[in-house]
Each structure stands twice: as C-alpha cells, then as structure tokens.
>>> print(open('start_33.cif').read())   # mmCIF, C-alpha atoms and all ligand atoms
data_upload
loop_
_atom_site.group_PDB
_atom_site.id
_atom_site.type_symbol
_atom_site.label_atom_id
_atom_site.label_comp_id
_atom_site.auth_asym_id
_atom_site.auth_seq_id
_atom_site.Cartn_x
_atom_site.Cartn_y
_atom_site.Cartn_z
ATOM 1 C CA MET A 1 72.529 121.029 93.090
ATOM 2 C CA VAL A 2 71.104 119.183 90.100
ATOM 3 C CA VAL A 3 73.739 118.543 87.403
ATOM 4 C CA VAL A 4 72.299 118.529 83.886
ATOM 5 C CA LYS A 5 74.445 116.370 81.590
ATOM 6 C CA THR A 6 75.748 117.223 78.136
ATOM 7 C CA LYS A 7 75.331 114.887 75.189
ATOM 8 C CA ARG A 8 78.882 113.654 75.643
ATOM 9 C CA GLU A 9 78.341 112.991 79.344
ATOM 10 C CA ILE A 10 75.187 111.030 78.549
ATOM 11 C CA GLU A 11 77.189 108.807 76.178
ATOM 12 C CA LEU A 12 79.607 108.097 79.059
ATOM 13 C CA MET A 13 76.633 107.416 81.351
ATOM 14 C CA ARG A 14 75.284 105.027 78.730
ATOM 15 C CA GLU A 15 78.413 102.867 78.847
ATOM 16 C CA ALA A 16 78.588 102.787 82.671
ATOM 17 C CA CYS A 17 74.902 101.875 82.701
ATOM 18 C CA ARG A 18 75.302 99.156 80.073
ATOM 19 C CA ILE A 19 77.999 97.529 82.210
ATOM 20 C CA SER A 20 75.803 97.878 85.299
ATOM 21 C CA ALA A 21 72.866 96.235 83.525
ATOM 22 C CA ALA A 22 74.946 93.394 82.114
ATOM 23 C CA ALA A 23 76.438 92.706 85.556
ATOM 24 C CA LEU A 24 72.963 92.668 87.081
ATOM 25 C CA LYS A 25 71.734 90.290 84.386
ATOM 26 C CA LEU A 26 74.633 87.880 85.036
ATOM 27 C CA ALA A 27 74.079 88.087 88.788
ATOM 28 C CA GLY A 28 70.354 87.426 88.380
ATOM 29 C CA GLU A 29 70.976 84.432 86.158
ATOM 30 C CA ALA A 30 73.102 82.942 88.945
ATOM 31 C CA VAL A 31 70.265 83.068 91.494
ATOM 32 C CA ARG A 32 69.131 79.557 92.397
ATOM 33 C CA PRO A 33 68.782 77.429 95.533
ATOM 34 C CA GLY A 34 72.162 76.388 96.940
ATOM 35 C CA VAL A 35 74.174 79.340 95.656
ATOM 36 C CA THR A 36 75.655 81.772 98.185
ATOM 37 C CA THR A 37 75.232 85.517 97.947
ATOM 38 C CA GLY A 38 79.024 85.750 98.126
ATOM 39 C CA GLU A 39 79.296 83.732 94.906
ATOM 40 C CA ILE A 40 76.845 86.026 93.155
ATOM 41 C CA ASP A 41 78.769 89.076 94.340
ATOM 42 C CA LYS A 42 81.960 87.659 92.832
ATOM 43 C CA ILE A 43 80.269 87.080 89.463
ATOM 44 C CA ALA A 44 79.261 90.749 89.378
ATOM 45 C CA TYR A 45 82.681 91.952 90.538
ATOM 46 C CA ASP A 46 84.570 89.890 87.945
ATOM 47 C CA TYR A 47 82.351 91.076 85.096
ATOM 48 C CA ILE A 48 82.619 94.774 86.037
ATOM 49 C CA ILE A 49 86.416 94.535 86.292
ATOM 50 C CA SER A 50 86.555 92.664 82.940
ATOM 51 C CA GLN A 51 84.921 95.722 81.335
ATOM 52 C CA GLY A 52 87.584 98.119 82.625
ATOM 53 C CA ALA A 53 85.078 99.537 85.112
ATOM 54 C CA GLN A 54 84.883 99.700 88.916
ATOM 55 C CA PRO A 55 82.160 98.425 91.261
ATOM 56 C CA ASN A 56 80.889 101.745 92.590
ATOM 57 C CA PHE A 57 79.245 100.420 95.771
ATOM 58 C CA LEU A 58 82.523 98.835 96.948
ATOM 59 C CA HIS A 59 83.971 101.077 99.720
ATOM 60 C CA TYR A 60 81.118 103.607 99.275
ATOM 61 C CA ASN A 61 80.717 104.876 102.852
ATOM 62 C CA GLY A 62 82.683 101.762 103.812
ATOM 63 C CA TYR A 63 80.345 99.303 102.073
ATOM 64 C CA PRO A 64 82.270 95.993 101.774
ATOM 65 C CA ALA A 65 80.984 94.432 98.514
ATOM 66 C CA THR A 66 80.109 94.942 94.838
ATOM 67 C CA ALA A 67 76.404 94.180 95.192
ATOM 68 C CA CYS A 68 73.721 94.543 97.809
ATOM 69 C CA ILE A 69 71.807 91.245 97.993
ATOM 70 C CA SER A 70 68.683 91.368 100.127
ATOM 71 C CA ILE A 71 66.532 88.283 100.683
ATOM 72 C CA ASN A 72 62.816 88.099 101.608
ATOM 73 C CA ASP A 73 62.174 90.550 104.483
ATOM 74 C CA GLU A 74 65.485 92.296 103.792
ATOM 75 C CA VAL A 75 64.652 95.465 101.882
ATOM 76 C CA ILE A 76 68.062 96.782 100.732
ATOM 77 C CA HIS A 77 71.784 96.803 101.557
ATOM 78 C CA GLY A 78 72.093 93.099 102.418
ATOM 79 C CA ILE A 79 75.820 92.271 102.524
ATOM 80 C CA PRO A 80 76.825 89.274 100.386
ATOM 81 C CA SER A 81 78.555 86.447 102.223
ATOM 82 C CA ARG A 82 80.002 82.983 101.570
ATOM 83 C CA ASP A 83 77.876 81.825 104.494
ATOM 84 C CA ARG A 84 74.552 83.024 103.140
ATOM 85 C CA VAL A 85 72.922 80.255 101.099
ATOM 86 C CA ILE A 86 69.940 81.050 98.902
ATOM 87 C CA ARG A 87 66.994 78.665 99.503
ATOM 88 C CA GLU A 88 64.134 77.469 97.329
ATOM 89 C CA GLY A 89 61.359 80.052 97.425
ATOM 90 C CA ASP A 90 63.560 83.020 98.347
ATOM 91 C CA LEU A 91 62.870 86.442 96.879
ATOM 92 C CA VAL A 92 66.332 87.832 96.099
ATOM 93 C CA SER A 93 66.909 91.550 95.420
ATOM 94 C CA ILE A 94 70.214 92.463 93.802
ATOM 95 C CA ASP A 95 71.370 96.072 93.570
ATOM 96 C CA LEU A 96 74.683 97.025 91.960
ATOM 97 C CA GLY A 97 76.432 99.575 89.807
ATOM 98 C CA ALA A 98 79.581 100.286 87.840
ATOM 99 C CA LYS A 99 81.691 103.398 87.336
ATOM 100 C CA LYS A 100 83.423 103.840 83.997
ATOM 101 C CA ASP A 101 85.407 106.874 82.792
ATOM 102 C CA GLY A 102 84.165 108.891 85.745
ATOM 103 C CA TYR A 103 80.444 108.184 85.328
ATOM 104 C CA ASN A 104 78.147 105.891 87.293
ATOM 105 C CA GLY A 105 75.396 103.405 86.516
ATOM 106 C CA ASP A 106 73.029 102.040 89.161
ATOM 107 C CA ASN A 107 70.325 99.356 88.896
ATOM 108 C CA ALA A 108 68.474 96.716 90.841
ATOM 109 C CA ALA A 109 66.081 93.835 90.248
ATOM 110 C CA THR A 110 64.410 91.145 92.320
ATOM 111 C CA PHE A 111 64.716 87.486 91.322
ATOM 112 C CA ALA A 112 62.972 84.265 92.338
ATOM 113 C CA ALA A 113 65.030 81.325 93.637
ATOM 114 C CA GLY A 114 63.180 78.300 92.310
ATOM 115 C CA ALA A 115 59.422 78.360 92.873
ATOM 116 C CA ILE A 116 58.196 81.312 94.952
ATOM 117 C CA SER A 117 54.783 81.870 96.545
ATOM 118 C CA ASP A 118 52.002 83.587 94.579
ATOM 119 C CA GLU A 119 52.116 86.359 97.146
ATOM 120 C CA ALA A 120 55.839 86.914 96.523
ATOM 121 C CA LYS A 121 55.349 86.850 92.767
ATOM 122 C CA ARG A 122 52.540 89.415 92.886
ATOM 123 C CA LEU A 123 54.606 91.731 95.085
ATOM 124 C CA ASN A 124 57.574 91.456 92.754
ATOM 125 C CA ASP A 125 55.492 92.004 89.605
ATOM 126 C CA THR A 126 53.840 95.060 91.137
ATOM 127 C CA THR A 127 57.169 96.544 92.244
ATOM 128 C CA ARG A 128 58.660 96.111 88.765
ATOM 129 C CA GLU A 129 55.551 97.561 87.128
ATOM 130 C CA SER A 130 55.617 100.530 89.520
ATOM 131 C CA LEU A 131 59.160 101.324 88.391
ATOM 132 C CA TYR A 132 57.880 101.594 84.809
ATOM 133 C CA GLU A 133 54.989 103.798 85.994
ATOM 134 C CA GLY A 134 57.556 106.073 87.636
ATOM 135 C CA ILE A 135 59.688 106.135 84.497
ATOM 136 C CA LYS A 136 56.656 107.051 82.347
ATOM 137 C CA ALA A 137 56.078 110.064 84.601
ATOM 138 C CA ALA A 138 59.653 111.335 84.125
ATOM 139 C CA VAL A 139 58.913 113.784 81.325
ATOM 140 C CA VAL A 140 60.192 117.275 80.514
ATOM 141 C CA GLY A 141 57.958 119.863 82.180
ATOM 142 C CA GLY A 142 56.957 117.462 84.927
ATOM 143 C CA ARG A 143 58.302 117.439 88.464
ATOM 144 C CA ILE A 144 59.963 114.948 90.787
ATOM 145 C CA GLY A 145 56.689 114.587 92.719
ATOM 146 C CA ASP A 146 55.009 113.220 89.577
ATOM 147 C CA ILE A 147 57.345 110.217 89.665
ATOM 148 C CA GLY A 148 56.763 109.435 93.331
ATOM 149 C CA ALA A 149 53.016 109.861 93.002
ATOM 150 C CA ALA A 150 52.913 107.432 90.072
ATOM 151 C CA VAL A 151 54.851 104.760 91.983
ATOM 152 C CA GLN A 152 52.926 105.264 95.206
ATOM 153 C CA GLU A 153 49.476 105.176 93.651
ATOM 154 C CA TYR A 154 50.271 102.056 91.654
ATOM 155 C CA CYS A 155 51.523 100.134 94.697
ATOM 156 C CA GLU A 156 49.061 101.361 97.295
ATOM 157 C CA ALA A 157 46.092 100.653 94.999
ATOM 158 C CA ARG A 158 47.243 97.010 95.105
ATOM 159 C CA GLY A 159 47.555 96.922 98.891
ATOM 160 C CA TYR A 160 51.318 97.332 99.210
ATOM 161 C CA SER A 161 53.312 99.983 101.039
ATOM 162 C CA VAL A 162 56.144 102.271 100.010
ATOM 163 C CA VAL A 163 59.365 102.521 102.037
ATOM 164 C CA ARG A 164 59.960 106.178 103.019
ATOM 165 C CA GLU A 165 63.429 106.144 104.559
ATOM 166 C CA PHE A 166 65.286 105.539 101.269
ATOM 167 C CA THR A 167 64.800 107.137 97.860
ATOM 168 C CA GLY A 168 66.039 107.195 94.301
ATOM 169 C CA HIS A 169 68.496 109.913 93.348
ATOM 170 C CA GLY A 170 70.392 111.775 90.653
ATOM 171 C CA VAL A 171 73.324 109.815 89.178
ATOM 172 C CA GLY A 172 76.390 111.086 87.352
ATOM 173 C CA THR A 173 80.000 111.610 88.359
ATOM 174 C CA ALA A 174 78.719 110.760 91.841
ATOM 175 C CA LEU A 175 76.629 107.672 92.559
ATOM 176 C CA HIS A 176 74.212 109.788 94.554
ATOM 177 C CA GLU A 177 73.472 113.300 93.309
ATOM 178 C CA ASP A 178 70.578 115.683 93.754
ATOM 179 C CA PRO A 179 67.681 115.502 93.492
ATOM 180 C CA ALA A 180 66.323 112.836 95.829
ATOM 181 C CA VAL A 181 63.644 110.832 93.988
ATOM 182 C CA PRO A 182 61.132 109.562 96.565
ATOM 183 C CA ASN A 183 58.754 106.727 95.719
ATOM 184 C CA TYR A 184 55.867 108.758 97.139
ATOM 185 C CA GLY A 185 54.775 112.316 96.601
ATOM 186 C CA THR A 186 52.417 114.829 95.136
ATOM 187 C CA ARG A 187 52.019 115.642 91.441
ATOM 188 C CA GLY A 188 53.217 119.122 90.524
ATOM 189 C CA ARG A 189 55.590 119.337 93.513
ATOM 190 C CA GLY A 190 59.345 119.218 93.694
ATOM 191 C CA VAL A 191 62.242 119.844 91.315
ATOM 192 C CA ARG A 192 61.294 120.510 87.700
ATOM 193 C CA LEU A 193 62.348 117.822 85.193
ATOM 194 C CA VAL A 194 64.567 119.052 82.355
ATOM 195 C CA PRO A 195 66.361 117.374 79.428
ATOM 196 C CA GLY A 196 69.751 115.934 80.393
ATOM 197 C CA MET A 197 68.813 115.020 83.970
ATOM 198 C CA THR A 198 70.004 111.502 84.814
ATOM 199 C CA ILE A 199 68.214 109.907 87.743
ATOM 200 C CA ALA A 200 67.839 106.503 89.375
ATOM 201 C CA ILE A 201 64.240 105.559 90.155
ATOM 202 C CA GLU A 202 64.113 102.705 92.669
ATOM 203 C CA PRO A 203 60.873 101.639 94.327
ATOM 204 C CA MET A 204 61.301 99.578 97.534
ATOM 205 C CA ILE A 205 57.874 98.081 98.148
ATOM 206 C CA ASN A 206 56.652 96.067 101.150
ATOM 207 C CA LEU A 207 53.962 93.397 101.301
ATOM 208 C CA GLY A 208 52.942 94.533 104.791
ATOM 209 C CA ARG A 209 53.584 97.817 106.538
ATOM 210 C CA ALA A 210 56.049 100.455 105.349
ATOM 211 C CA GLY A 211 58.264 100.484 108.445
ATOM 212 C CA VAL A 212 61.886 99.349 108.208
ATOM 213 C CA LYS A 213 64.828 98.960 110.594
ATOM 214 C CA THR A 214 68.605 98.764 110.091
ATOM 215 C CA LEU A 215 70.387 95.759 111.611
ATOM 216 C CA SER A 216 73.427 95.946 113.892
ATOM 217 C CA ASP A 217 75.751 95.264 110.924
ATOM 218 C CA GLY A 218 75.077 98.902 110.092
ATOM 219 C CA TRP A 219 73.794 98.110 106.596
ATOM 220 C CA THR A 220 71.058 95.508 106.209
ATOM 221 C CA VAL A 221 67.610 97.107 106.142
ATOM 222 C CA LYS A 222 64.667 94.814 106.968
ATOM 223 C CA THR A 223 60.932 95.263 107.199
ATOM 224 C CA MET A 224 59.754 95.874 110.790
ATOM 225 C CA ASP A 225 56.939 93.355 110.433
ATOM 226 C CA GLY A 226 59.099 90.583 108.922
ATOM 227 C CA LYS A 227 57.062 90.499 105.702
ATOM 228 C CA LEU A 228 58.477 90.429 102.177
ATOM 229 C CA SER A 229 59.939 93.376 100.264
ATOM 230 C CA ALA A 230 60.992 93.876 96.623
ATOM 231 C CA HIS A 231 63.254 96.411 94.893
ATOM 232 C CA TRP A 232 63.691 97.436 91.249
ATOM 233 C CA GLU A 233 65.821 100.251 89.859
ATOM 234 C CA HIS A 234 66.848 101.796 86.559
ATOM 235 C CA THR A 235 69.060 104.754 85.743
ATOM 236 C CA ILE A 236 67.287 106.907 83.152
ATOM 237 C CA VAL A 237 67.884 110.117 81.227
ATOM 238 C CA ILE A 238 65.118 112.656 80.680
ATOM 239 C CA THR A 239 64.968 113.839 77.066
ATOM 240 C CA ASN A 240 62.686 115.928 74.889
ATOM 241 C CA ASP A 241 61.560 112.643 73.354
ATOM 242 C CA GLY A 242 60.642 111.221 76.753
ATOM 243 C CA PRO A 243 62.434 109.151 79.378
ATOM 244 C CA GLN A 244 65.104 106.763 78.159
ATOM 245 C CA ILE A 245 66.341 103.828 80.242
ATOM 246 C CA LEU A 246 70.173 103.752 80.322
ATOM 247 C CA THR A 247 70.610 100.551 82.332
ATOM 248 C CA VAL A 248 69.973 98.177 79.441
ATOM 249 C CA VAL A 249 72.312 95.538 78.032
HETATM 250 N N1 LIG B 301 71.652 100.830 96.818
HETATM 251 C C1 LIG B 301 72.003 102.191 96.736
HETATM 252 C C2 LIG B 301 71.343 102.826 95.559
HETATM 253 O O1 LIG B 301 70.791 102.160 94.728
HETATM 254 C C3 LIG B 301 73.464 102.361 96.669
HETATM 255 C C4 LIG B 301 74.185 101.433 97.536
HETATM 256 S S1 LIG B 301 74.904 102.243 98.805
HETATM 257 C C5 LIG B 301 76.065 101.135 99.228
HETATM 258 O O2 LIG B 301 71.329 104.015 95.443
HETATM 259 F F1 LIG B 301 76.786 101.708 100.102
HETATM 260 F F2 LIG B 301 75.469 100.052 99.668
HETATM 261 F F3 LIG B 301 76.776 100.837 98.221
HETATM 262 CO CO CO B 302 70.305 103.806 93.460
#
>>> encode(input="start_33.cif", output="structure tokens")
Amino acid sequence: MVVVKTKREIELMREACRISAAALKLAGEAVRPGVTTGEIDKIAYDYIISQGAQPNFLHYNGYPATACISINDEVIHGIPSRDRVIREGDLVSIDLGAKKDGYNGDNAATFAAGAISDEAKRLNDTTRESLYEGIKAAVVGGRIGDIGAAVQEYCEARGYSVVREFTGHGVGTALHEDPAVPNYGTRGRGVRLVPGMTIAIEPMINLGRAGVKTLSDGWTVKTMDGKLSAHWEHTIVITNDGPQILTVV
C-alpha cells in the first residue's frame, strides 16, 4: 500500500532527511586512505544521535551498524569494521539514514579515497547523473516505470549495467514502504505518481555485468565478476511543482 503524506508529514520527513544528508556529508568528508570504515560509521552515529534522531539501519532486520559502507566491487550493505582500512584509490559507497519523530530519511553517495582510476570516476559520475535522471522523471501523472527507464537508459547507453536484485522504495514511517522503485523498467508502467508520495531512488550501477552475490556474512553484496560498482540515493517528494529532493543539508 502506497502511503501519500500530508503537508505536516512532509515537514517531518524534511527534518529526518536533513539529518540523514548531513550525516552522509560528514561521513563522506571522512573518507581518505588510512581511515577505517568503523571510524566513519561512528562519525555518522554520533552526529545522528546529537540531533535527537536514531540511526534507522541499526538493528533493521538485525543489521549491526549505522551505515552500510561498500568498497570497490562491493555493491551495497558492506558492514563497517575497525579492521577494514580504506586504501588509496578505493571507491567507497556510504548509505545511511536517520529516523526523527517517527519519520525516516535515507540516502547514499559514493566517494573517492585519494586518487581513483578514470574508469572508477566515470562509473561514479554516471551513477550520480543517473540518479538525477530518475528524479527528473518523478513527476505527477507519470509512473514508477518512468523512473527506472530513465536510470536504465542513461547507464546502459554508457556501457554500464543495472543491478536488478535491489531497488529503491517508498519511505515514511517505515524505512521501506511501497512502492518498490526499480532502476530499470518501461515508461508508462507501474504505480501512478501522485503528489505527496515520498520515495527513495537509488541506482546501483556496475562497471561490468549486472550479476551480484551475497557473502556469507549475510549482508555484503558484491558484483559476481569482481568489477566496480557505485551507488547514489536521495529521498524525494513528488509535488505538483515537480520532484523535490528532501535529503539536502
Ligand atoms: N540500504 C538500504 C536502502 O537504502 C537500507 C539498508 S538495509 C540495512 O534502502 F539493513 F542494511 F540497514
Ligand atoms: Co534506500
């Protein structure tokens, strides 16, 4: 069931999303060679708590941390650890969210540790740009398939592939609500987009083939072929004046 939010609910979403975006910004600024993913996770945790909010990934289906930090061929859900040191040239995806006053924010971005390869930079730029293509397609009167088609076409035209096993989603009082928001699809298909829908759009884009596998830790998702992956995400609200990004500082 898709929950359409009232004006008041959207104001509460806005604050949860602001905290989520500020935590992501702080976490991203901490990415550099020599830092551990555990240290970055703590930066995000401390900030979210300082805002009177809760890290909404922590304990979600048993997830053990504030952030998911996924490096290079890790696609999503990498578990931060004091033993995981970021190296020069790593492509570091950070995904995190905050819950405040009963409402959730959710966002992700991919950061470079020091100097990264041209191939990594192009993948990351394309993934970020594809998120904005998806957001542009999130207009009243459109459908969920319009968003996925926009992301998919943008990435595939540049030789990249779209992960199928995981999708974006509605966001609200629950971190994951209906509808699912795939990063692939057909224009004119799927749930109709109406004002007050709050959704997370989150392309996960691979340099090589689309296939992914989950590791034995039960969480970390990696590319099958060992090639790089990038991930960007915003929570947005659909309005009569067009899509508005909520996860901004
Ligand atoms: N990364 C997921 C999303 O953006 C949420 C994380 S699930 C968790 O929708 F269990 F890892 F927290
Ligand atoms: Co999400």
>>> atom_distance(input="start_33.cif", atom1="atom CA of Ala150 of chain A", atom2="atom CA of Gly134 of chain A")
5.4 Å
>>> closest_atom_pairs(input="start_33.cif", of="chain A", to="ligand LIG 301 (chain B)", cutoff="8 Å", atoms="all atoms listed in the file", output="tab-separated table")
residue	atom	partner	partner_atom	distance
A:Asn56	CA	B:LIG301	F3	7.0
A:Phe57	CA	B:LIG301	F3	3.5
A:Leu58	CA	B:LIG301	F3	6.2
A:His59	CA	B:LIG301	F1	7.2
A:Tyr60	CA	B:LIG301	F1	4.8
A:Asn61	CA	B:LIG301	F1	5.7
A:Gly62	CA	B:LIG301	F1	7.0
A:Tyr63	CA	B:LIG301	F1	4.7
A:Ala65	CA	B:LIG301	F3	7.7
A:Thr66	CA	B:LIG301	F3	7.6
A:Ala67	CA	B:LIG301	F3	7.3
A:Cys68	CA	B:LIG301	F2	6.1
A:Ile76	CA	B:LIG301	N1	6.7
A:His77	CA	B:LIG301	F2	5.3
A:Asp95	CA	B:LIG301	N1	5.8
A:Leu96	CA	B:LIG301	N1	6.9
A:Gly97	CA	B:LIG301	O1	7.9
A:Asp106	CA	B:LIG301	O1	6.0
A:Asn107	CA	B:LIG301	O1	6.5
A:Ala108	CA	B:LIG301	O1	7.1
A:Thr167	CA	B:LIG301	O2	7.6
A:Gly168	CA	B:LIG301	O2	6.3
A:His169	CA	B:LIG301	O2	6.9
A:Leu175	CA	B:LIG301	O2	7.1
A:His176	CA	B:LIG301	O2	6.5
A:Ala200	CA	B:LIG301	O2	7.4
A:Glu202	CA	B:LIG301	O1	7.0
A:Trp219	CA	B:LIG301	F2	7.4
A:Glu233	CA	B:LIG301	O1	7.2
>>> resolve_selection(input="start_33.cif", expression="the PyMOL selection byres (((chain A and resi 109-116) around 6) and not hetatm)", output="list in words")
Val31, Arg32, Pro33, Glu88, Gly89, Asp90, Leu91, Val92, Ser93, Ile94, Ala108, Ser117, His231 and Trp232 of chain A
>>> closest_residue(input="start_33.cif", among="A:Ala27, A:Met197, A:Ala180, A:Leu12", to="ligand CO 302 (chain B)", atoms="only C-alpha atoms and all ligand atoms")
A:Ala180
>>> atom_distance(input="start_33.cif", atom1="atom CA of Lys99 of chain A", atom2="atom CA of Ala16 of chain A")
5.6 Å
>>> residues_around(input="start_33.cif", residues="segment 185-193 of chain A", least_positions_apart="6", cutoff="10 Å", atoms="only C-alpha atoms", output="count of residues only")
22
>>> atom_distance(input="start_33.cif", atom1="atom CA of Val212 of chain A", atom2="atom CA of Val171 of chain A")
24.5 Å
>>> decode(input="start_33.cif", residues="segment 143-160 of chain A", atoms="C-alpha atoms", output="short mmCIF file (atom, residue, chain, number, x, y, z; two decimals), in the first residue's frame")
data_model
loop_
_atom_site.label_atom_id
_atom_site.label_comp_id
_atom_site.auth_asym_id
_atom_site.auth_seq_id
_atom_site.Cartn_x
_atom_site.Cartn_y
_atom_site.Cartn_z
CA ARG A 143 4.54 6.18 -13.34
CA ILE A 144 7.19 4.28 -11.41
CA GLY A 145 8.40 2.68 -14.66
CA ASP A 146 9.32 6.13 -16.00
CA ILE A 147 11.92 6.48 -13.24
CA GLY A 148 13.50 3.08 -13.83
CA ALA A 149 13.55 3.57 -17.58
CA ALA A 150 15.32 6.92 -17.21
CA VAL A 151 18.03 5.45 -14.96
CA GLN A 152 18.47 2.32 -17.06
CA GLU A 153 18.72 4.09 -20.39
CA TYR A 154 21.22 6.60 -19.06
CA CYS A 155 23.53 3.92 -17.65
CA GLU A 156 23.22 1.30 -20.36
CA ALA A 157 23.85 3.88 -23.10
CA ARG A 158 27.24 4.42 -21.42
CA GLY A 159 28.05 0.71 -21.23
CA TYR A 160 27.19 0.07 -17.59
#
